[in-house]
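Enquirer: Sharing coords39.txt below, compact mmCIF, C-alpha atoms:
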```
# COMPACT_ATOMS: atom_id res chain seq x y z
CA MET A 1 52.88 -26.99 87.53
CA SER A 2 50.96 -29.32 85.19
CA ASN A 3 47.57 -28.44 83.73
CA ASN A 4 45.91 -31.16 85.82
CA VAL A 5 47.26 -29.70 89.04
CA ILE A 6 46.24 -26.19 88.01
CA GLU A 7 42.75 -27.40 87.13
CA ARG A 8 42.43 -29.22 90.45
CA LEU A 9 43.57 -26.18 92.43
CA PHE A 10 41.71 -23.42 90.62
CA LYS A 11 38.83 -25.18 88.77
CA LEU A 12 39.34 -23.19 85.59
CA GLN A 13 36.77 -25.07 83.49
CA GLU A 14 34.12 -24.63 86.15
CA HIS A 15 34.70 -20.86 86.05
CA GLY A 16 34.81 -20.71 82.25
CA THR A 17 38.41 -19.55 81.95
CA THR A 18 41.82 -20.75 80.74
CA VAL A 19 45.42 -20.57 81.91
CA ARG A 20 46.22 -18.01 79.21
CA THR A 21 43.29 -15.80 80.21
CA GLU A 22 44.24 -15.98 83.89
CA ILE A 23 47.87 -15.04 83.15
CA ILE A 24 46.78 -12.03 81.08
CA ALA A 25 44.38 -11.01 83.86
CA GLY A 26 47.15 -11.30 86.46
CA LEU A 27 49.51 -9.16 84.41
CA THR A 28 46.72 -6.59 83.96
CA THR A 29 46.03 -6.40 87.69
CA PHE A 30 49.73 -6.06 88.47
CA ALA A 31 50.11 -3.24 85.95
CA ALA A 32 47.21 -1.41 87.58
CA MET A 33 48.45 -1.70 91.17
CA SER A 34 52.25 -1.89 90.83
CA TYR A 35 52.48 1.83 91.65
CA ILE A 36 52.27 0.77 95.31
CA LEU A 37 55.89 -0.44 95.07
CA VAL A 38 56.95 3.20 94.73
CA VAL A 39 54.21 5.04 96.62
CA ASN A 40 54.17 2.92 99.79
CA PRO A 41 57.91 3.30 100.56
CA GLY A 42 57.59 7.04 99.90
CA ILE A 43 54.81 7.42 102.45
CA LEU A 44 56.25 5.06 105.07
CA GLY A 45 59.63 6.76 104.76
CA LEU A 46 58.04 9.98 106.04
CA SER A 47 57.22 8.20 109.31
CA GLY A 48 60.90 7.84 110.16
CA MET A 49 61.22 4.26 108.96
CA PRO A 50 64.54 3.42 107.30
CA VAL A 51 63.84 3.67 103.56
CA GLU A 52 66.39 0.98 102.73
CA GLY A 53 64.45 -2.21 102.03
CA LEU A 54 60.92 -0.75 102.00
CA ILE A 55 60.42 -1.65 98.33
CA THR A 56 61.26 -5.25 99.19
CA VAL A 57 58.97 -5.17 102.23
CA THR A 58 56.08 -3.84 100.12
CA ALA A 59 56.54 -6.53 97.47
CA ILE A 60 56.84 -9.36 100.01
CA ALA A 61 53.74 -8.22 101.90
CA ALA A 62 51.78 -7.99 98.64
CA CYS A 63 53.00 -11.40 97.52
CA ILE A 64 52.10 -13.11 100.82
CA GLY A 65 48.69 -11.47 101.08
CA THR A 66 47.76 -12.18 97.47
CA LEU A 67 48.83 -15.83 97.73
CA MET A 68 46.73 -16.22 100.89
CA MET A 69 43.69 -14.87 99.08
CA ALA A 70 44.33 -17.14 96.08
CA LEU A 71 44.74 -20.34 98.09
CA MET A 72 42.06 -19.66 100.73
CA THR A 73 39.28 -18.44 98.42
CA ASN A 74 40.26 -19.06 94.77
CA TYR A 75 39.25 -15.46 94.05
CA PRO A 76 41.10 -13.23 91.51
CA ILE A 77 41.73 -10.58 94.15
CA ALA A 78 45.17 -9.13 94.88
CA LEU A 79 46.36 -7.56 98.13
CA ALA A 80 49.05 -5.03 99.05
CA PRO A 81 49.73 -2.40 101.72
CA GLY A 82 46.63 -0.21 101.56
CA MET A 83 46.49 3.37 100.42
CA GLY A 84 44.97 5.38 103.24
CA LEU A 85 46.15 2.82 105.76
CA ASN A 86 49.77 3.69 105.00
CA ALA A 87 48.91 7.39 105.30
CA PHE A 88 47.23 6.70 108.64
CA PHE A 89 50.38 4.86 109.76
CA ALA A 90 52.75 7.66 108.78
CA PHE A 91 50.82 10.85 109.42
CA THR A 92 48.36 10.02 112.21
CA ILE A 93 50.24 7.46 114.29
CA CYS A 94 53.90 8.37 113.80
CA LEU A 95 53.88 12.09 113.00
CA GLY A 96 50.61 13.14 114.63
CA ARG A 97 50.87 11.12 117.86
CA GLU A 98 54.68 11.01 117.78
CA ILE A 99 54.68 7.25 118.25
CA PRO A 100 57.88 5.47 117.08
CA TRP A 101 57.48 3.48 113.89
CA GLU A 102 58.42 0.26 115.70
CA ALA A 103 55.49 0.82 118.07
CA ALA A 104 53.27 1.71 115.11
CA LEU A 105 54.05 -1.71 113.62
CA GLY A 106 52.94 -3.21 116.92
CA ILE A 107 49.63 -1.36 116.55
CA VAL A 108 49.29 -2.77 113.02
CA PHE A 109 49.98 -6.26 114.37
CA TRP A 110 47.30 -6.06 117.06
CA ASN A 111 44.88 -4.54 114.57
CA GLY A 112 45.44 -7.62 112.41
CA ILE A 113 44.91 -9.95 115.37
CA LEU A 114 41.66 -8.22 116.30
CA PHE A 115 40.50 -8.23 112.68
CA LEU A 116 41.33 -11.95 112.43
CA ILE A 117 39.36 -12.79 115.59
CA LEU A 118 36.34 -10.84 114.35
CA SER A 119 36.57 -12.57 110.97
CA LEU A 120 36.82 -16.07 112.43
CA THR A 121 33.95 -15.53 114.87
CA GLY A 122 31.67 -13.75 112.42
CA VAL A 123 31.35 -10.72 114.72
CA ARG A 124 32.66 -8.54 111.88
CA THR A 125 29.28 -8.89 110.16
CA LYS A 126 27.38 -7.53 113.17
CA ILE A 127 29.82 -4.63 113.49
CA ALA A 128 29.55 -3.84 109.79
CA GLU A 129 25.75 -3.79 109.98
CA SER A 130 25.68 -1.58 113.09
CA ILE A 131 27.64 1.32 111.59
CA PRO A 132 25.49 3.88 109.71
CA PRO A 133 26.03 3.97 105.92
CA SER A 134 26.51 7.75 105.93
CA LEU A 135 29.48 7.40 108.27
CA LYS A 136 31.04 4.62 106.19
CA ILE A 137 30.76 6.78 103.08
CA GLY A 138 32.11 9.87 104.84
CA VAL A 139 35.14 7.97 106.11
CA GLN A 140 35.97 6.50 102.70
CA CYS A 141 35.63 9.87 100.97
CA GLY A 142 37.56 11.61 103.73
CA ILE A 143 40.45 9.21 103.32
CA GLY A 144 40.37 9.93 99.60
CA LEU A 145 40.66 13.68 100.21
CA PHE A 146 43.40 13.08 102.76
CA ILE A 147 45.46 11.00 100.32
CA ALA A 148 44.97 13.58 97.56
CA PHE A 149 46.01 16.37 99.93
CA ILE A 150 49.19 14.49 100.83
CA GLY A 151 50.02 14.10 97.15
CA LEU A 152 49.53 17.81 96.43
CA LYS A 153 51.63 18.70 99.50
CA ASN A 154 54.47 16.34 98.54
CA ALA A 155 54.69 17.91 95.07
CA GLY A 156 54.69 21.47 96.40
CA LEU A 157 51.38 22.23 94.68
CA ILE A 158 49.97 23.06 98.12
CA VAL A 159 52.20 24.81 100.66
CA ASP A 160 51.68 26.31 104.10
CA ASN A 161 50.71 29.93 104.73
CA PRO A 162 50.70 31.52 108.21
CA ALA A 163 47.61 33.59 107.43
CA THR A 164 45.44 31.19 105.40
CA PHE A 165 47.04 27.90 106.53
CA VAL A 166 47.48 26.69 102.92
CA GLN A 167 48.03 28.25 99.52
CA LEU A 168 49.00 27.35 95.97
CA GLY A 169 52.65 26.48 95.50
CA ASP A 170 55.14 28.08 93.11
CA LEU A 171 54.15 26.86 89.66
CA SER A 172 57.28 28.43 88.18
CA GLU A 173 59.23 25.59 89.81
CA PRO A 174 59.78 22.89 87.14
CA ALA A 175 59.04 20.00 89.53
CA VAL A 176 55.78 21.58 90.68
CA MET A 177 54.60 22.31 87.15
CA LEU A 178 55.60 18.80 86.05
CA ALA A 179 53.49 17.34 88.85
CA LEU A 180 50.49 19.38 87.68
CA VAL A 181 50.99 18.23 84.08
CA GLY A 182 51.32 14.67 85.37
CA ILE A 183 47.99 14.92 87.19
CA ILE A 184 46.18 15.98 84.03
CA PHE A 185 48.01 13.33 81.99
CA THR A 186 47.02 10.60 84.47
CA ILE A 187 43.37 11.64 84.51
CA VAL A 188 43.29 11.62 80.70
CA LEU A 189 44.71 8.07 80.69
CA MET A 190 42.16 6.96 83.29
CA VAL A 191 39.28 8.51 81.34
CA LYS A 192 40.46 6.64 78.25
CA ARG A 193 40.63 3.45 80.39
CA VAL A 194 44.28 2.80 79.60
CA THR A 195 45.53 -0.27 81.48
CA GLY A 196 48.24 0.64 83.99
CA ALA A 197 47.52 4.37 83.65
CA ILE A 198 49.03 5.26 87.03
CA LEU A 199 52.16 3.21 86.35
CA ILE A 200 52.54 4.81 82.91
CA SER A 201 52.26 8.25 84.52
CA ILE A 202 54.93 7.49 87.12
CA VAL A 203 57.33 6.15 84.49
CA THR A 204 56.70 9.10 82.15
CA LEU A 205 57.26 11.74 84.83
CA THR A 206 60.41 9.96 85.99
CA LEU A 207 61.83 9.94 82.46
CA ILE A 208 61.02 13.63 81.94
CA GLY A 209 62.60 14.38 85.31
CA ALA A 210 65.89 13.00 84.04
CA PHE A 211 66.13 16.07 81.76
CA ILE A 212 65.15 18.72 84.33
CA PRO A 213 68.19 20.29 86.02
CA THR A 214 68.33 20.99 89.76
CA GLU A 215 71.01 22.24 92.15
CA ASN A 216 72.13 18.65 92.72
CA GLY A 217 71.99 17.36 89.15
CA THR A 218 68.64 16.39 87.65
CA LEU A 219 65.20 15.88 89.15
CA THR A 220 65.49 12.16 88.46
CA ALA A 221 68.83 10.76 89.58
CA THR A 222 70.78 8.38 87.38
CA PRO A 223 70.21 4.77 88.53
CA SER A 224 73.21 2.74 89.63
CA ALA A 225 72.00 -0.14 87.48
CA VAL A 226 68.94 -1.32 85.56
CA VAL A 227 68.68 -4.71 87.23
CA GLY A 228 69.92 -5.67 90.67
CA MET A 229 69.30 -7.88 93.68
CA PRO A 230 66.45 -6.95 96.05
CA GLU A 231 67.41 -4.93 99.13
CA SER A 232 67.51 -6.56 102.55
CA ILE A 233 64.56 -6.15 104.93
CA SER A 234 66.71 -6.54 108.04
CA ASN A 235 65.92 -2.97 109.16
CA THR A 236 62.22 -3.71 109.60
CA PHE A 237 61.83 -7.49 109.83
CA LEU A 238 60.44 -8.36 113.29
CA ALA A 239 61.34 -4.83 114.40
CA MET A 240 57.86 -4.09 115.79
CA ASP A 241 57.39 -3.18 119.44
CA PHE A 242 55.00 -5.98 120.35
CA TRP A 243 54.13 -4.73 123.84
CA TYR A 244 53.79 -1.01 123.16
CA PRO A 245 50.05 -1.07 122.32
CA ILE A 246 49.36 -3.07 125.49
CA ASP A 247 51.54 -0.94 127.77
CA HIS A 248 50.02 2.25 126.28
CA LEU A 249 46.48 1.03 125.68
CA ALA A 250 44.89 4.32 126.79
CA GLU A 251 46.61 6.20 123.98
CA THR A 252 46.51 3.51 121.30
CA TRP A 253 43.07 1.89 121.55
CA ASP A 254 41.47 4.43 119.24
CA LEU A 255 44.26 3.97 116.70
CA ILE A 256 43.77 0.19 116.70
CA PHE A 257 40.02 0.66 116.34
CA ALA A 258 40.40 3.21 113.55
CA LEU A 259 42.73 0.90 111.62
CA MET A 260 40.29 -1.98 112.06
CA PHE A 261 37.34 0.21 111.07
CA VAL A 262 38.97 1.48 107.89
CA ASN A 263 40.46 -1.91 106.99
CA MET A 264 37.18 -3.77 107.54
CA PHE A 265 34.96 -1.55 105.42
CA ASP A 266 37.59 -1.03 102.75
CA THR A 267 37.99 -4.81 102.48
CA ILE A 268 34.26 -5.55 102.44
CA GLY A 269 33.62 -2.89 99.81
CA THR A 270 36.45 -4.10 97.60
CA LEU A 271 35.53 -7.77 97.92
CA ILE A 272 31.87 -7.20 97.06
CA GLY A 273 32.64 -4.76 94.24
CA VAL A 274 35.24 -6.92 92.51
CA SER A 275 33.28 -10.15 93.10
CA ARG A 276 30.14 -8.64 91.58
CA LYS A 277 32.15 -7.78 88.46
CA ALA A 278 33.47 -11.35 88.33
CA ASN A 279 29.98 -12.87 88.87
CA LEU A 280 31.12 -14.55 92.08
CA LEU A 281 28.14 -13.46 94.20
CA ASP A 282 25.33 -15.93 94.93
CA SER A 283 21.64 -15.48 94.10
CA LYS A 284 21.17 -13.33 97.22
CA GLY A 285 23.98 -10.98 96.27
CA LYS A 286 26.33 -12.32 98.94
CA LEU A 287 29.92 -13.48 98.57
CA PRO A 288 30.04 -17.23 99.42
CA LYS A 289 33.58 -17.19 100.79
CA ILE A 290 33.60 -13.77 102.46
CA GLY A 291 34.70 -15.39 105.75
CA PRO A 292 37.89 -16.93 104.32
CA ALA A 293 38.47 -13.75 102.28
CA MET A 294 38.34 -11.57 105.40
CA THR A 295 40.55 -14.07 107.21
CA ALA A 296 43.11 -13.88 104.40
CA ASP A 297 42.99 -10.09 104.55
CA ALA A 298 43.51 -10.01 108.33
CA SER A 299 46.30 -12.60 108.18
CA ALA A 300 48.02 -10.54 105.50
CA SER A 301 48.05 -7.50 107.81
CA ILE A 302 49.68 -9.58 110.54
CA ALA A 303 52.31 -10.81 108.08
CA GLY A 304 52.82 -7.25 106.88
CA ALA A 305 53.50 -6.05 110.42
CA LEU A 306 56.07 -8.81 110.86
CA VAL A 307 58.05 -7.85 107.74
CA GLY A 308 57.59 -4.13 108.42
CA THR A 309 54.72 -2.36 106.67
CA SER A 310 51.32 -0.80 107.24
CA PRO A 311 48.13 -2.93 106.99
CA VAL A 312 47.71 -5.08 103.89
CA THR A 313 44.29 -5.09 102.25
CA SER A 314 42.38 -6.10 99.12
CA TYR A 315 42.90 -3.84 96.09
CA VAL A 316 40.06 -2.51 93.99
CA GLU A 317 42.49 -2.53 91.04
CA SER A 318 41.80 -6.28 90.97
CA ALA A 319 38.73 -5.29 88.96
CA THR A 320 41.01 -4.55 85.99
CA GLY A 321 42.13 -8.17 85.95
CA VAL A 322 38.53 -9.32 86.24
CA SER A 323 37.68 -7.15 83.24
CA ALA A 324 40.46 -8.95 81.36
CA GLY A 325 38.80 -12.30 82.10
CA GLY A 326 40.30 -13.31 85.45
CA ARG A 327 37.95 -15.53 87.44
CA THR A 328 40.08 -17.66 89.78
CA GLY A 329 42.95 -17.57 92.24
CA LEU A 330 45.37 -18.28 89.40
CA THR A 331 45.05 -14.61 88.47
CA ALA A 332 46.14 -13.70 91.99
CA VAL A 333 49.06 -16.16 91.87
CA VAL A 334 50.33 -14.45 88.71
CA VAL A 335 50.13 -11.08 90.50
CA SER A 336 52.13 -12.40 93.46
CA VAL A 337 54.84 -13.75 91.15
CA CYS A 338 55.02 -10.39 89.37
CA PHE A 339 55.57 -8.61 92.69
CA LEU A 340 58.55 -10.84 93.45
CA LEU A 341 60.05 -10.51 89.97
CA SER A 342 59.70 -6.72 90.10
CA LEU A 343 62.18 -6.60 92.97
CA PHE A 344 65.01 -7.12 90.53
CA LEU A 345 64.16 -3.66 89.14
CA THR A 346 64.76 -2.03 92.54
CA PRO A 347 67.65 0.17 91.25
CA LEU A 348 65.21 1.80 88.81
CA MET A 349 62.44 2.23 91.37
CA LYS A 350 64.78 3.91 93.84
CA VAL A 351 65.41 6.91 91.56
CA ILE A 352 61.73 7.73 91.02
CA PRO A 353 61.25 11.25 92.46
CA LEU A 354 58.53 11.95 95.03
CA MET A 355 56.93 14.35 92.57
CA ALA A 356 56.21 11.47 90.18
CA THR A 357 53.96 9.78 92.74
CA THR A 358 51.67 12.82 93.12
CA PRO A 359 49.29 11.85 90.26
CA ALA A 360 48.99 8.37 91.78
CA LEU A 361 47.99 9.74 95.18
CA LEU A 362 45.55 12.22 93.67
CA MET A 363 43.99 9.60 91.39
CA VAL A 364 43.52 7.14 94.25
CA GLY A 365 41.91 9.93 96.25
CA ILE A 366 39.56 10.82 93.40
CA LEU A 367 38.49 7.19 92.95
CA MET A 368 37.76 6.89 96.67
CA MET A 369 35.48 9.93 96.39
CA GLU A 370 33.18 8.03 94.00
CA SER A 371 31.09 6.65 96.87
CA ILE A 372 29.83 10.15 97.77
CA ARG A 373 27.02 9.58 95.25
CA GLN A 374 25.64 6.90 97.59
CA VAL A 375 24.78 9.51 100.23
CA ASP A 376 21.10 10.38 100.46
CA PHE A 377 21.29 14.11 99.73
CA ASP A 378 17.63 14.50 100.70
CA ASP A 379 18.52 13.40 104.25
CA LEU A 380 20.33 16.38 105.78
CA GLY A 381 21.40 14.34 108.82
CA ALA A 382 23.09 11.71 106.67
CA LEU A 383 24.69 14.37 104.49
CA ALA A 384 25.98 16.25 107.55
CA THR A 385 27.45 13.10 109.11
CA ALA A 386 29.28 12.17 105.92
CA SER A 387 30.44 15.75 105.39
CA VAL A 388 31.90 16.16 108.88
CA ALA A 389 33.98 12.97 108.58
CA LEU A 390 34.94 13.88 105.01
CA ILE A 391 36.05 17.43 105.81
CA ALA A 392 37.70 16.68 109.15
CA MET A 393 40.26 14.18 107.86
CA PRO A 394 42.26 16.41 105.53
CA LEU A 395 41.83 19.52 107.72
CA THR A 396 42.97 17.80 110.93
CA PHE A 397 45.49 15.73 108.95
CA SER A 398 44.18 12.70 110.83
CA ILE A 399 41.95 9.82 109.77
CA SER A 400 41.17 8.85 113.38
CA GLU A 401 39.93 12.36 114.22
CA GLY A 402 37.61 12.27 111.22
CA ILE A 403 36.19 8.94 112.36
CA ALA A 404 35.72 10.20 115.93
CA LEU A 405 33.98 13.43 114.88
CA GLY A 406 31.81 11.46 112.46
CA PHE A 407 30.55 9.16 115.23
CA ILE A 408 29.89 12.08 117.59
CA THR A 409 28.07 14.05 114.90
CA TYR A 410 25.87 11.13 113.86
CA VAL A 411 24.74 10.34 117.41
CA GLY A 412 24.28 14.01 118.24
CA ILE A 413 22.01 14.53 115.23
CA LYS A 414 19.92 11.42 115.93
CA VAL A 415 19.46 12.26 119.62
CA GLY A 416 18.76 15.91 118.88
CA THR A 417 16.06 15.04 116.34
CA GLY A 418 14.41 12.45 118.58
CA LYS A 419 15.54 9.50 116.46
CA PHE A 420 17.69 7.99 119.19
CA LYS A 421 16.20 4.52 118.64
CA GLU A 422 17.81 4.38 115.19
CA VAL A 423 21.28 4.39 116.77
CA THR A 424 22.82 0.99 117.56
CA PRO A 425 24.33 0.32 121.01
CA LEU A 426 27.81 -0.02 119.49
CA THR A 427 27.53 3.38 117.78
CA TYR A 428 26.35 4.97 121.04
CA ALA A 429 29.24 3.42 122.94
CA LEU A 430 31.86 4.55 120.43
CA ALA A 431 30.49 8.09 120.24
CA ILE A 432 30.52 8.40 124.05
CA VAL A 433 34.06 7.03 124.31
CA PHE A 434 35.31 9.36 121.58
CA LEU A 435 33.62 12.33 123.26
CA LEU A 436 35.13 11.46 126.65
CA ARG A 437 38.53 11.17 125.00
CA TYR A 438 38.25 14.81 123.91
CA LEU A 439 36.77 16.09 127.17
CA LEU A 440 39.38 14.33 129.32
CA ASP A 441 42.18 14.96 126.81
CA LEU A 442 43.05 11.25 126.62
CA LYS A 443 44.80 11.51 123.25
```
Here is the file; what I need is its structure written in the form of structure tokens.
Expert:
Amino acid sequence: MSNNVIERLFKLQEHGTTVRTEIIAGLTTFAAMSYILVVNPGILGLSGMPVEGLITVTAIAACIGTLMMALMTNYPIALAPGMGLNAFFAFTICLGREIPWEAALGIVFWNGILFLILSLTGVRTKIAESIPPSLKIGVQCGIGLFIAFIGLKNAGLIVDNPATFVQLGDLSEPAVMLALVGIIFTIVLMVKRVTGAILISIVTLTLIGAFIPTENGTLTATPSAVVGMPESISNTFLAMDFWYPIDHLAETWDLIFALMFVNMFDTIGTLIGVSRKANLLDSKGKLPKIGPAMTADASASIAGALVGTSPVTSYVESATGVSAGGRTGLTAVVVSVCFLLSLFLTPLMKVIPLMATTPALLMVGILMMESIRQVDFDDLGALATASVALIAMPLTFSISEGIALGFITYVGIKVGTGKFKEVTPLTYALAIVFLLRYLLDLK
């Protein structure tokens, strides 16, 4: 691609950047978010999905979504299967509701369609404005705790106990202790603002695991090769049960809504946060191309469902590329190319032990908890609403239950304190529907 074509497509001079700067920014963003290539297959595999090919699926979904964002908005924002959304897919939909993964992909597809319609019509803005801030914050923080809890559970740092429900795992086990050391190591790297800290942690723990003996060899298996061809996605490509959500609407509507709710606010928050850092907001603090950006995000989720993964969304790690100077869609194009090239390292990624992903899950959870400082701690009602949603998600092991209890709590507090006029019609409607679902046992 010649410099003239690149300039015409991405308007580098107008944004005060160069091809070299954009390439460095793209590589920086990829280093920060490439952990998803390992973490996403690990989580989706727990849902019953065939693990073979999930690395390829994750990379393809990230590549498609990121290219859409680059070409539709010219923003330096990368997309990939979302953390939290993949946990919702595996633990709430498939394991919690016992819905087959093929049907779960159908739910993801219809969530994408609904999200796309709302984005194209502009209704998404009215919905976003009608939901109380305390509930948005509680949901985001709750998802963070949920993800962190999953990471601790996967590593054996937290185990079940019939009397107390959970307890500390056996730290004398090498894998468990290594996971704990990895958590501290990752946090230290993040505090020091090391680029690609999570990726460095995963690689380091995997290498150490190669020297830790187990009953079946070593904690990290020996790879069959260093470089190899990407695995086929035939197991998941177009495998979704398209009609399941329609035929079982009574038991899936809340799942579709919850996915849309989480995806919408996660996307809006990421877009505004990253765009503010890149000076892309207008004089009123609004993102000029938020419509096309949301459309790209929704379309990416639809594409993700078709190839076989949980919803695709914008990644806050894009901010690392922005910090490195990325200002245009060329940064995103570089990220998408990196995702495709990384597939030739599939043999290496396949031997990464589950334990090595624990610091990544915990770190993502910690970062999602940052928004708790936005809660008005002087407003007990707001604090209670956020707290209920936040606490309910990890304790019920369900994101949708946390959302439902958050809505019910918020409306209950407002009505009980005589502030019923502060509640929007949509919030009333959702709280009533969620309450009826519990009373009539419509789960």
Enquirer: Show me the residues close to (57.6, 3.4, 87.9) - anything with an atom within 7 Å, counting all atoms listed in the file - and format the list as a ChimeraX atom specification.
Expert: /A:35,38,199,202-203,349,352
Enquirer: Under the rule that all atoms listed in the file are counted, which of A:Thr58, A:Ile137, A:Val388, A:Leu46 is the nearest residue to Asp376 (chain A)?
Expert: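 Among A:Thr58, A:Ile137, A:Val388, A:Leu46, it is A:Ile137 that comes nearest to Asp376 (chain A).
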Enquirer: Please, what distance in Å, to one decimal, runs between CA of Lys419 (chain A) and CA of Asn263 (chain A)?
Expert: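 If I compute the distance from CA of Lys419 (chain A) to CA of Asn263 (chain A), I get 29.0 Å.
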Enquirer: To one decimal place, how far is CA of Leu67 (chain A) from CA of Pro81 (chain A) in Å?
Expert: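 If I compute the distance from CA of Leu67 (chain A) to CA of Pro81 (chain A), I get 14.0 Å.
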Enquirer: Compile the contact shell of region 315-319 of chain A as a list of chain:residue names: residues with an atom at most 8 Å away, counting all atoms listed in the file, same-chain residues fewer than 2 positions apart removed.
Expert: A:Thr29, A:Ala32, A:Met33, A:Pro76, A:Ile77, A:Ala78, A:Leu79, A:Ala80, A:Gly82, A:Thr270, A:Leu271, A:Gly273, A:Val274, A:Lys277, A:Thr313, A:Gly321, A:Val322, A:Ser323
Enquirer: How would region 226-277 of chain A of the given structure read as a file with C-alpha atoms, as a short mmCIF file (atom, residue, chain, number, x, y, z; two decimals), in the first residue's frame?
Expert:
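Generated output (out_35.cif):
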```cif
data_model
loop_
_atom_site.label_atom_id
_atom_site.label_comp_id
_atom_site.auth_asym_id
_atom_site.auth_seq_id
_atom_site.Cartn_x
_atom_site.Cartn_y
_atom_site.Cartn_z
CA VAL A 226 7.37 -23.71 17.44
CA VAL A 227 5.64 -22.60 14.26
CA GLY A 228 2.72 -24.29 12.54
CA MET A 229 -0.38 -23.74 10.43
CA PRO A 230 -3.49 -22.33 12.15
CA GLU A 231 -6.08 -24.86 13.30
CA SER A 232 -9.34 -25.30 11.41
CA ILE A 233 -12.50 -23.59 12.67
CA SER A 234 -14.80 -26.20 11.16
CA ASN A 235 -16.04 -27.28 14.61
CA THR A 236 -17.61 -23.89 15.33
CA PHE A 237 -18.03 -22.10 12.00
CA LEU A 238 -21.77 -21.55 11.37
CA ALA A 239 -22.47 -24.07 14.14
CA MET A 240 -24.85 -21.76 16.02
CA ASP A 241 -28.45 -22.78 16.65
CA PHE A 242 -30.11 -19.84 14.93
CA TRP A 243 -33.67 -20.60 16.04
CA TYR A 244 -33.05 -21.61 19.65
CA PRO A 245 -33.41 -18.09 21.14
CA ILE A 246 -36.68 -17.61 19.24
CA ASP A 247 -38.12 -21.03 20.10
CA HIS A 248 -37.11 -20.56 23.77
CA LEU A 249 -37.66 -16.82 24.09
CA ALA A 250 -39.13 -17.09 27.61
CA GLU A 251 -35.89 -18.52 28.95
CA THR A 252 -33.43 -16.57 26.82
CA TRP A 253 -34.76 -13.00 26.64
CA ASP A 254 -33.01 -11.97 29.84
CA LEU A 255 -29.74 -13.47 28.60
CA ILE A 256 -29.97 -11.52 25.33
CA PHE A 257 -30.77 -8.35 27.26
CA ALA A 258 -27.95 -8.90 29.74
CA LEU A 259 -25.44 -9.43 26.93
CA MET A 260 -26.68 -6.28 25.19
CA PHE A 261 -26.60 -4.31 28.45
CA VAL A 262 -23.04 -5.32 29.31
CA ASN A 263 -21.80 -4.98 25.73
CA MET A 264 -23.37 -1.55 25.25
CA PHE A 265 -22.00 0.10 28.37
CA ASP A 266 -18.64 -1.61 28.10
CA THR A 267 -18.33 -0.35 24.52
CA ILE A 268 -19.46 3.19 25.29
CA GLY A 269 -17.11 3.43 28.26
CA THR A 270 -14.15 2.11 26.28
CA LEU A 271 -14.82 4.30 23.24
CA ILE A 272 -15.12 7.49 25.28
CA GLY A 273 -12.15 6.66 27.51
CA VAL A 274 -9.75 5.77 24.70
CA SER A 275 -10.98 8.61 22.46
CA ARG A 276 -10.48 11.16 25.21
CA LYS A 277 -6.87 9.98 25.56
#
```
